[in-house]
Amino acid sequence: MRTLHRPPMGPTALRLARTAGLGVVVALLGGCSGQSGTDRAVDVALAHAGITEEGVTIESSVGQDGVVEVQIVRDIADQDDSVRAVRRIVVVDADGTVVEDHSDQACQPGRGHQDFSTEPCL
């Protein structure tokens, strides 16, 4: 996996992602800007999840046939007394289609599991 360090998607791109088909957004963002397939997949995943890059950690890995797994982690320890962080995993295929989407959480110390899991925190 690698952590992406790139400027956040602007408000115009986010607005496009929410109102247009994601395939169109991929074409517009990638074709015009020269972005890599991984960067386009990250943009698709963020748009699909309705999340901006602000306050999150994004990691991605490329699998077979250009499928990209995007992990979006948000630390919410200051907002929740049982959940420390939430992770959303969005898998985007080479055509820019979301093929999988799920989330899990890691608990605060003493409130359950410390690794990411779908098990609830105590």
# chains A, B, ... in the order shown; residues from 1 in each chain; ligands from 1
call {"tool": "select_by_dssp", "arguments": {"residues": "region 38-72 of chain A", "states": "helix (DSSP H, G or I)", "output": "PyMOL selection string"}}
result
chain A and resi 38-49+64-66
call {"tool": "atom_distance", "arguments": {"atom1": "CA of Asp93 (chain A)", "atom2": "CA of Arg74 (chain A)"}}
result
23.3 Å
call {"tool": "residues_around", "arguments": {"residues": "region 104-113 of chain A", "least_positions_apart": "6", "cutoff": "6 Å", "atoms": "only C-alpha atoms", "output": "list in words"}}
result
Ser82, Val83, Arg84, Ala85, Val86, Arg87, Cys121 and Leu122 of chain A
call {"tool": "atom_distance", "arguments": {"atom1": "CA of Phe116 (chain A)", "atom2": "CA of Ala41 (chain A)"}}
result
22.6 Å
call {"tool": "closest_residue", "arguments": {"among": "A:Gly63, A:Val68, A:Arg88, A:Asp75", "to": "Ile51 (chain A)", "atoms": "only C-alpha atoms"}}
result
A:Arg88
call {"tool": "closest_residue", "arguments": {"among": "A:Ala49, A:Val98, A:Val91, A:Val73", "to": "Ser61 (chain A)", "atoms": "only C-alpha atoms"}}
result
A:Val91
call {"tool": "select_by_dssp", "arguments": {"residues": "region 50-117 of chain A", "states": "strand (DSSP E)", "output": "VMD selection string"}}
result
chain A and resid 56 to 62 68 to 75 83 to 92 98 to 107
call {"tool": "atom_distance", "arguments": {"atom1": "CA of Asp78 (chain A)", "atom2": "CA of Thr52 (chain A)"}}
result
19.0 Å
call {"tool": "residues_around", "arguments": {"residues": "Leu46 (chain A)", "least_positions_apart": "2", "cutoff": "10 Å", "atoms": "only C-alpha atoms", "output": "list in words"}}
result
Met9, Leu14, Ala17, Arg40, Ala41, Val42, Asp43, Val44, His48, Ala49, Gly50, Ile51, Thr52, Glu53, Ile58, Val70, Gln71, Ile72, Arg88 and Val90 of chain A
call {"tool": "write_last_selection", "arguments": {"atoms": "C-alpha atoms", "output": "mmCIF file, in the first residue's frame"}}
result
data_model
loop_
_atom_site.group_PDB
_atom_site.id
_atom_site.type_symbol
_atom_site.label_atom_id
_atom_site.label_comp_id
_atom_site.auth_asym_id
_atom_site.auth_seq_id
_atom_site.Cartn_x
_atom_site.Cartn_y
_atom_site.Cartn_z
ATOM 1 C CA MET A 9 -10.313 17.299 -5.147
ATOM 2 C CA LEU A 14 -16.978 17.099 -5.904
ATOM 3 C CA ALA A 17 -19.201 13.606 -8.662
ATOM 4 C CA ARG A 40 -8.679 8.556 -10.600
ATOM 5 C CA ALA A 41 -9.767 5.540 -8.530
ATOM 6 C CA VAL A 42 -9.197 7.522 -5.325
ATOM 7 C CA ASP A 43 -11.346 10.355 -6.682
ATOM 8 C CA VAL A 44 -14.090 7.885 -7.633
ATOM 9 C CA HIS A 48 -18.833 7.430 -4.055
ATOM 10 C CA ALA A 49 -18.397 7.688 -0.273
ATOM 11 C CA GLY A 50 -19.307 11.387 -0.204
ATOM 12 C CA ILE A 51 -16.062 12.159 1.631
ATOM 13 C CA THR A 52 -13.554 14.934 1.049
ATOM 14 C CA GLU A 53 -9.839 14.436 1.632
ATOM 15 C CA ILE A 58 -5.979 7.647 2.185
ATOM 16 C CA VAL A 70 -8.840 2.572 -1.596
ATOM 17 C CA GLN A 71 -8.787 2.742 2.205
ATOM 18 C CA ILE A 72 -10.122 5.937 3.737
ATOM 19 C CA ARG A 88 -14.017 2.693 4.629
ATOM 20 C CA VAL A 90 -13.868 1.086 -1.619
#
